>>> print(open('start.cif').read())   # mmCIF, C-alpha atoms
data_target
loop_
_atom_site.label_atom_id
_atom_site.label_comp_id
_atom_site.auth_asym_id
_atom_site.auth_seq_id
_atom_site.Cartn_x
_atom_site.Cartn_y
_atom_site.Cartn_z
CA LYS J 1 -39.98 80.46 43.41
CA GLY J 2 -38.24 78.19 40.99
CA ASP J 3 -35.11 76.22 41.50
CA ARG J 4 -32.10 78.50 41.84
CA ILE J 5 -29.04 77.92 39.67
CA PHE J 6 -26.29 80.29 40.83
CA GLY J 7 -28.63 83.19 41.42
CA PRO J 8 -31.99 84.11 39.94
CA ALA J 9 -34.94 81.77 39.89
CA LEU J 10 -35.61 79.96 36.62
CA ASP J 11 -39.11 81.46 36.42
CA THR J 12 -37.58 84.96 36.28
CA VAL J 13 -35.02 84.15 33.57
CA PRO J 14 -36.01 84.53 29.93
CA ILE J 15 -36.72 81.15 28.34
CA PHE J 16 -33.85 81.54 25.85
CA ALA J 17 -31.42 81.94 28.75
CA GLN J 18 -32.58 78.91 30.75
CA PRO J 19 -30.29 75.84 30.80
CA MET J 20 -31.29 73.31 28.13
CA THR J 21 -32.01 69.71 29.10
CA LEU J 22 -31.76 67.13 26.34
CA PRO J 23 -34.26 64.26 26.23
CA LEU J 24 -32.78 60.96 27.31
CA TYR J 25 -33.54 57.51 25.94
CA ASN J 26 -33.80 54.32 27.87
CA ARG J 27 -31.48 51.89 26.12
CA THR J 28 -33.61 48.91 26.94
CA THR J 29 -36.97 50.30 25.94
CA ASN J 30 -36.05 53.22 23.62
CA ARG J 31 -38.58 55.37 25.48
CA LYS J 32 -37.96 59.12 25.60
CA ASN J 33 -37.54 60.46 29.16
CA THR J 34 -38.23 64.19 29.48
CA ASN J 35 -38.29 64.63 33.25
CA ASN J 36 -35.25 66.97 33.26
CA GLY J 37 -32.93 64.04 32.75
CA HIS J 38 -34.20 62.12 35.80
CA ASN J 39 -35.14 58.47 35.47
CA THR J 40 -38.85 58.05 36.10
CA ASN J 41 -38.48 54.23 36.35
CA GLU J 42 -41.32 53.91 33.90
CA THR J 43 -40.98 51.01 31.52
CA THR J 44 -42.58 50.54 28.17
CA PRO J 45 -43.11 46.96 27.14
CA THR J 46 -41.04 46.11 24.08
CA PRO J 47 -43.27 44.81 21.30
CA PRO J 48 -42.79 41.08 20.99
CA MET J 49 -40.74 40.14 17.96
CA ALA J 50 -42.42 37.98 15.39
CA LYS J 51 -41.71 34.36 16.03
CA ALA J 52 -39.41 32.85 13.46
CA ASN J 53 -40.85 29.84 11.77
CA GLY J 54 -39.30 26.66 13.07
CA PRO J 55 -37.71 24.12 10.78
CA ALA J 56 -40.06 22.16 8.56
CA MET J 57 -38.35 18.94 9.68
CA SER J 58 -37.11 17.87 13.09
CA GLN J 59 -33.51 16.76 13.60
CA SER J 60 -34.52 13.18 14.40
CA ARG J 61 -36.73 12.90 11.33
CA TYR J 62 -33.92 14.38 9.24
CA ILE J 63 -31.45 11.71 10.39
CA VAL J 64 -33.94 8.90 9.74
CA THR J 65 -34.82 10.31 6.31
CA LEU J 66 -31.21 10.70 5.18
CA SER J 67 -30.36 7.22 6.45
CA GLY J 68 -33.24 5.81 4.40
CA ILE J 69 -32.13 7.77 1.34
CA ALA J 70 -28.55 6.51 1.68
CA LEU J 71 -29.67 2.91 2.11
CA PHE J 72 -31.99 3.09 -0.90
CA THR J 73 -29.29 4.71 -3.03
CA LEU J 74 -26.80 1.94 -2.33
CA LEU J 75 -29.18 -1.02 -2.62
CA GLY J 76 -31.40 0.40 -5.36
CA GLY J 77 -28.47 1.73 -7.32
CA TYR J 78 -26.62 -1.58 -7.22
CA THR J 79 -29.74 -3.60 -8.04
CA THR J 80 -30.47 -1.44 -11.08
CA ALA J 81 -26.84 -1.38 -12.18
CA THR J 82 -26.59 -5.18 -12.27
CA GLN J 83 -29.72 -5.75 -14.37
CA PRO J 84 -30.68 -7.83 -16.25
CA GLU J 85 -30.34 -10.63 -13.75
CA GLY J 86 -26.99 -12.33 -14.01
CA ALA J 87 -25.36 -9.53 -16.00
CA GLY J 88 -23.19 -8.49 -13.07
CA TRP J 89 -21.23 -5.28 -12.78
CA ARG J 90 -19.72 -3.84 -15.96
CA PHE J 91 -18.73 -0.44 -17.31
CA PHE J 92 -22.37 0.39 -18.21
CA SER J 93 -23.35 -0.21 -14.57
CA TYR J 94 -21.85 3.11 -13.56
CA HIS J 95 -24.54 4.90 -15.60
CA PRO J 96 -27.65 3.83 -13.61
CA PHE J 97 -25.74 3.80 -10.33
CA LEU J 98 -24.50 7.39 -10.79
CA MET J 99 -27.90 8.63 -11.97
CA ILE J 100 -29.70 7.15 -8.95
CA SER J 101 -26.95 8.50 -6.67
CA ALA J 102 -27.40 11.93 -8.27
CA PHE J 103 -31.19 12.32 -8.29
CA VAL J 104 -31.94 10.37 -5.12
CA GLY J 105 -28.77 10.21 -3.05
CA MET J 106 -27.59 13.81 -3.40
CA MET J 107 -30.34 16.02 -4.85
CA LEU J 108 -33.07 14.58 -2.64
CA SER J 109 -30.79 14.82 0.39
CA GLY J 110 -30.13 18.44 -0.51
CA ALA J 111 -33.85 19.21 -0.71
CA VAL J 112 -34.43 17.55 2.66
CA THR J 113 -31.50 19.42 4.24
CA LYS J 114 -32.92 22.76 3.09
CA LYS J 115 -36.09 21.99 5.08
CA LEU J 116 -34.06 22.31 8.29
CA GLY J 117 -33.61 26.01 7.51
CA GLY J 118 -30.78 28.31 8.46
CA TYR J 119 -27.62 29.65 6.84
CA THR J 120 -25.46 26.53 7.23
CA ASN J 121 -28.13 24.12 5.98
CA THR J 122 -28.85 26.35 2.99
CA LYS J 123 -25.20 26.20 1.91
CA LEU J 124 -25.06 22.46 2.58
CA HIS J 125 -28.18 22.03 0.43
CA ALA J 126 -26.38 23.79 -2.44
CA LYS J 127 -23.25 21.66 -2.05
CA MET J 128 -25.30 18.45 -2.11
CA GLY J 129 -27.09 19.63 -5.23
CA MET J 130 -23.80 20.44 -6.91
CA ALA J 131 -22.43 17.00 -5.99
CA GLY J 132 -25.56 15.51 -7.55
CA LEU J 133 -24.96 17.46 -10.76
CA ILE J 134 -21.39 16.18 -10.97
CA MET J 135 -22.63 12.59 -10.52
CA ALA J 136 -25.31 13.08 -13.18
CA TYR J 137 -22.78 14.38 -15.69
CA GLY J 138 -20.57 11.43 -14.77
CA GLY J 139 -23.48 9.12 -15.61
CA LEU J 140 -23.92 10.93 -18.93
CA TYR J 141 -20.25 10.43 -19.75
CA VAL J 142 -20.49 6.69 -18.99
CA ILE J 143 -23.45 6.06 -21.29
CA TYR J 144 -21.94 8.22 -24.03
CA GLN J 145 -18.64 6.35 -23.86
CA ASN J 146 -20.41 2.98 -23.62
CA LYS J 147 -22.30 3.66 -26.85
CA ASN J 148 -19.08 4.75 -28.50
CA ASN J 149 -17.50 1.45 -27.47
CA MET J 150 -20.46 -0.49 -28.92
CA GLY J 151 -20.66 1.60 -32.08
CA LYS J 152 -24.23 2.75 -31.38
CA PRO J 153 -25.70 6.20 -32.23
CA HIS J 154 -26.43 8.72 -29.46
CA PHE J 155 -29.72 10.24 -28.29
CA THR J 156 -32.04 8.11 -30.40
CA SER J 157 -34.49 6.97 -27.68
CA ASN J 158 -37.10 8.83 -25.66
CA HIS J 159 -35.19 7.79 -22.54
CA SER J 160 -32.02 9.55 -23.67
CA LEU J 161 -33.82 12.67 -24.91
CA ALA J 162 -35.80 12.99 -21.65
CA GLY J 163 -32.55 12.51 -19.74
CA ILE J 164 -30.88 15.39 -21.59
CA ILE J 165 -33.86 17.69 -20.98
CA CYS J 166 -33.88 16.78 -17.29
CA LEU J 167 -30.13 17.33 -16.98
CA ILE J 168 -30.41 20.76 -18.61
CA GLY J 169 -33.28 21.56 -16.24
CA VAL J 170 -31.50 20.64 -13.00
CA THR J 171 -28.38 22.44 -14.19
CA THR J 172 -30.39 25.61 -14.81
CA VAL J 173 -32.12 25.37 -11.43
CA GLY J 174 -28.82 24.76 -9.65
CA MET J 175 -26.94 27.59 -11.37
CA ALA J 176 -29.81 30.04 -10.88
CA GLY J 177 -30.00 29.13 -7.20
CA GLY J 178 -26.27 29.59 -6.76
CA ILE J 179 -26.27 32.99 -8.43
CA PHE J 180 -29.55 34.49 -7.27
CA LEU J 181 -30.27 32.74 -3.94
CA HIS J 182 -26.82 32.29 -2.40
CA PRO J 183 -27.13 33.39 1.27
CA ASP J 184 -23.97 35.51 1.03
CA PHE J 185 -24.20 37.31 -2.31
CA GLY J 186 -27.44 36.20 -3.97
CA ILE J 187 -29.01 39.19 -5.71
CA ALA J 188 -32.54 37.78 -5.21
CA LYS J 189 -32.11 35.82 -1.98
CA THR J 190 -35.05 37.62 -0.34
CA ASN J 191 -37.30 37.50 -3.40
CA LYS J 192 -40.20 35.22 -2.44
CA ARG J 193 -41.34 34.69 -6.02
CA PHE J 194 -37.90 33.59 -7.17
CA ARG J 195 -37.57 31.27 -4.19
CA PHE J 196 -40.99 29.79 -5.00
CA VAL J 197 -39.96 29.09 -8.60
CA HIS J 198 -36.65 27.57 -7.47
CA PHE J 199 -38.45 25.35 -4.96
CA TRP J 200 -40.97 23.92 -7.41
CA CYS J 201 -38.71 23.65 -10.45
CA GLY J 202 -36.13 21.80 -8.37
CA ARG J 203 -38.69 19.27 -7.19
CA ILE J 204 -40.21 18.85 -10.65
CA PHE J 205 -36.85 18.01 -12.20
CA ILE J 206 -35.87 15.73 -9.31
CA MET J 207 -39.08 13.71 -9.77
CA MET J 208 -38.59 13.78 -13.53
CA GLY J 209 -35.16 12.25 -12.94
CA TRP J 210 -36.76 9.51 -10.83
CA CYS J 211 -39.22 8.68 -13.61
CA ILE J 212 -36.41 8.48 -16.15
CA CYS J 213 -34.45 6.17 -13.83
CA LEU J 214 -37.50 3.90 -13.54
CA ASN J 215 -37.91 3.98 -17.32
CA GLY J 216 -34.29 2.92 -17.68
CA LEU J 217 -34.88 0.04 -15.25
CA GLN J 218 -37.85 -1.10 -17.36
CA LYS J 219 -35.54 -1.21 -20.38
CA LEU J 220 -33.15 -3.46 -18.46
CA THR J 221 -35.63 -5.90 -16.92
CA THR J 222 -39.29 -6.86 -17.18
CA ASP J 223 -39.34 -8.42 -13.72
CA VAL J 224 -42.20 -6.73 -11.87
CA THR J 225 -40.76 -7.52 -8.43
CA THR J 226 -37.48 -5.78 -9.23
CA GLN J 227 -39.31 -2.79 -10.65
CA ALA J 228 -41.51 -2.57 -7.54
CA MET J 229 -38.44 -2.75 -5.25
CA ILE J 230 -37.22 0.48 -6.86
CA GLY J 231 -40.48 2.23 -7.71
CA VAL J 232 -42.45 1.81 -4.48
CA PRO J 233 -39.81 3.38 -2.16
CA LEU J 234 -39.46 6.32 -4.56
CA LEU J 235 -43.23 6.80 -4.53
CA LEU J 236 -43.25 6.81 -0.73
CA MET J 237 -40.47 9.40 -0.63
CA VAL J 238 -42.48 11.99 -2.54
CA PRO J 239 -44.77 13.21 0.29
CA PHE J 240 -42.37 12.30 3.10
CA ALA J 241 -39.15 13.87 1.85
CA LEU J 242 -39.94 16.34 -0.93
CA PHE J 243 -43.01 18.00 0.65
#
>>> encode(input="start.cif", output="structure tokens")
Amino acid sequence: KGDRIFGPALDTVPIFAQPMTLPLYNRTTNRKNTNNGHNTNETTPTPPMAKANGPAMSQSRYIVTLSGIALFTLLGGYTTATQPEGAGWRFFSYHPFLMISAFVGMMLSGAVTKKLGGYTNTKLHAKMGMAGLIMAYGGLYVIYQNKNNMGKPHFTSNHSLAGIICLIGVTTVGMAGGIFLHPDFGIAKTNKRFRFVHFWCGRIFIMMGWCICLNGLQKLTTDVTTQAMIGVPLLLMVPFALF
């Protein structure tokens, strides 16, 4: 005595002639409901999504860090640029000031910004790095032109050779990151190994740039206090800002 649909009972109708009921899906749980289309009010807990890792740096720490970087860049850059004591500002001064602004002011700020995570901060990190590259090449132009003005040969010291190697390195890291890791069209933006290499190579060349800046300061002055005023803050930034 099945349910009657316009006549004969369903249990007397051949199975191929019975009306077909399609399985329904609950849009909220994606569970199949096969009770002849009726809602059974049964719910299936949705598996909890994996928690996204939070930013490696809080917003407040980020603001304090960038403020410290900006202050050091201005004071440290000017102090280095006006060495030896009493020399004052001259055309050469743009070289150390731009190099410190590049490797500390912009590239370090870009590395710190990336630690906040997210699409916008990733693109901002790239723009800061690119601004740092432009400043570094500006510093290269200044020292090249300054030596031309003084009639001196180019790339004869370990300082200058290390500077060229470092500049080639950060350029390679920056261009590779822009091509392969760009959040919009990067062909390897999800490749963990490539991201690992970009992360460490970027930091190695940033710290190499710091060492070259300190070496340049040592060539300008032998005053230990002045050297410590620049070197100690950079040393403290390594674990706090880079890692």
>>> atom_distance(input="start.cif", atom1="atom CA of J:Trp89", atom2="atom CA of J:Phe72")
18.1 Å
>>> atom_distance(input="start.cif", atom1="atom CA of J:Thr65", atom2="atom CA of J:Gly231")
17.1 Å
>>> residues_around(input="start.cif", residues="J:Thr120", least_positions_apart="5", cutoff="12 Å", atoms="all atoms listed in the file", output="PyMOL selection string")
chain J and resi 113-115+125-127+182-184
>>> closest_residue(input="start.cif", among="J:Asn158, J:Gly129, J:Asn121, J:Ser109", to="J:Lys219", atoms="all atoms listed in the file")
J:Asn158
>>> residues_near_point(input="start.cif", point="(-39.0, 28.5, -7.6)", cutoff="12 Å", atoms="only C-alpha atoms", output="PyMOL selection string")
chain J and resi 172-174+176-177+180-181+188-189+191-205
>>> closest_residue(input="start.cif", among="J:Tyr78, J:Tyr141, J:Phe103, J:Phe240", to="J:Gly209", atoms="all atoms listed in the file")
J:Phe103
>>> atom_distance(input="start.cif", atom1="atom CA of J:Ala111", atom2="atom CA of J:Val232")
19.8 Å
>>> resolve_selection(input="start.cif", expression="the PyMOL selection byres ((chain J and resi 142) around 9)", output="ChimeraX atom specification")
/J:91-95,137-141,143-147
>>> decode(input="start.cif", residues="stretch 55-151 of chain J", atoms="C-alpha atoms", output="short mmCIF file (atom, residue, chain, number, x, y, z; two decimals), in the first residue's frame")
data_model
loop_
_atom_site.label_atom_id
_atom_site.label_comp_id
_atom_site.auth_asym_id
_atom_site.auth_seq_id
_atom_site.Cartn_x
_atom_site.Cartn_y
_atom_site.Cartn_z
CA PRO J 55 51.61 38.36 10.45
CA ALA J 56 55.15 37.89 11.71
CA MET J 57 55.11 41.46 13.03
CA SER J 58 52.37 43.41 14.78
CA GLN J 59 51.20 46.76 13.44
CA SER J 60 52.54 48.66 16.45
CA ARG J 61 55.95 47.02 16.23
CA TYR J 62 55.99 47.75 12.50
CA ILE J 63 55.40 51.48 13.06
CA VAL J 64 58.09 51.66 15.76
CA THR J 65 60.56 49.73 13.59
CA LEU J 66 60.03 51.88 10.49
CA SER J 67 60.29 55.05 12.58
CA GLY J 68 63.62 53.84 13.95
CA ILE J 69 64.84 52.94 10.46
CA ALA J 70 63.88 56.38 9.11
CA LEU J 71 65.57 58.18 12.00
CA PHE J 72 68.76 56.14 11.63
CA THR J 73 68.80 56.69 7.87
CA LEU J 74 68.62 60.47 8.22
CA LEU J 75 71.05 60.85 11.13
CA GLY J 76 73.42 58.04 10.18
CA GLY J 77 73.38 58.97 6.53
CA TYR J 78 74.16 62.62 7.22
CA THR J 79 76.85 61.78 9.79
CA THR J 80 78.60 59.46 7.33
CA ALA J 81 78.20 61.86 4.43
CA THR J 82 79.92 64.72 6.27
CA GLN J 83 83.00 62.73 7.32
CA PRO J 84 85.82 63.35 7.97
CA GLU J 85 84.94 65.79 10.70
CA GLY J 86 84.75 69.32 9.39
CA ALA J 87 84.52 68.30 5.74
CA GLY J 88 80.89 69.37 5.50
CA TRP J 89 78.50 68.50 2.72
CA ARG J 90 79.90 68.25 -0.80
CA PHE J 91 79.10 66.42 -4.02
CA PHE J 92 80.74 63.20 -2.73
CA SER J 93 78.39 63.27 0.28
CA TYR J 94 75.51 62.06 -1.87
CA HIS J 95 77.31 58.72 -2.33
CA PRO J 96 77.27 57.48 1.30
CA PHE J 97 73.93 59.15 2.00
CA LEU J 98 72.23 57.44 -0.97
CA MET J 99 73.82 54.07 -0.20
CA ILE J 100 72.66 54.14 3.43
CA SER J 101 69.22 55.32 2.29
CA ALA J 102 69.11 52.43 -0.19
CA PHE J 103 70.29 49.49 1.93
CA VAL J 104 68.85 50.64 5.25
CA GLY J 105 66.12 53.18 4.56
CA MET J 106 64.34 51.42 1.69
CA MET J 107 65.49 47.80 1.37
CA LEU J 108 65.31 47.10 5.09
CA SER J 109 61.91 48.82 5.28
CA GLY J 110 60.76 46.64 2.40
CA ALA J 111 61.89 43.47 4.17
CA VAL J 112 60.09 44.55 7.36
CA THR J 113 56.92 45.43 5.42
CA LYS J 114 56.83 41.97 3.85
CA LYS J 115 56.67 40.47 7.35
CA LEU J 116 53.19 41.97 7.76
CA GLY J 117 51.98 39.59 5.03
CA GLY J 118 49.15 40.04 2.58
CA TYR J 119 48.75 41.17 -1.02
CA THR J 120 49.10 44.93 -0.46
CA ASN J 121 52.16 44.64 1.78
CA THR J 122 53.84 42.29 -0.67
CA LYS J 123 53.50 44.85 -3.46
CA LEU J 124 54.61 47.65 -1.15
CA HIS J 125 57.66 45.56 -0.21
CA ALA J 126 58.57 45.31 -3.91
CA LYS J 127 58.13 49.05 -4.48
CA MET J 128 60.36 49.87 -1.51
CA GLY J 129 63.00 47.50 -2.80
CA MET J 130 62.84 49.08 -6.25
CA ALA J 131 63.19 52.56 -4.71
CA GLY J 132 66.25 51.26 -2.86
CA LEU J 133 67.76 50.01 -6.11
CA ILE J 134 67.26 53.40 -7.74
CA MET J 135 68.97 55.11 -4.79
CA ALA J 136 71.86 52.63 -4.90
CA TYR J 137 72.43 53.26 -8.60
CA GLY J 138 72.25 56.98 -7.86
CA GLY J 139 75.01 56.49 -5.29
CA LEU J 140 77.06 54.59 -7.88
CA TYR J 141 76.66 57.45 -10.35
CA VAL J 142 77.83 59.99 -7.75
CA ILE J 143 81.04 58.14 -6.88
CA TYR J 144 81.76 57.42 -10.54
CA GLN J 145 81.32 61.08 -11.48
CA ASN J 146 83.28 62.24 -8.43
CA LYS J 147 86.27 60.13 -9.46
CA ASN J 148 85.99 61.47 -12.99
CA ASN J 149 86.10 65.00 -11.59
CA MET J 150 89.21 64.16 -9.54
CA GLY J 151 90.91 62.25 -12.35
#
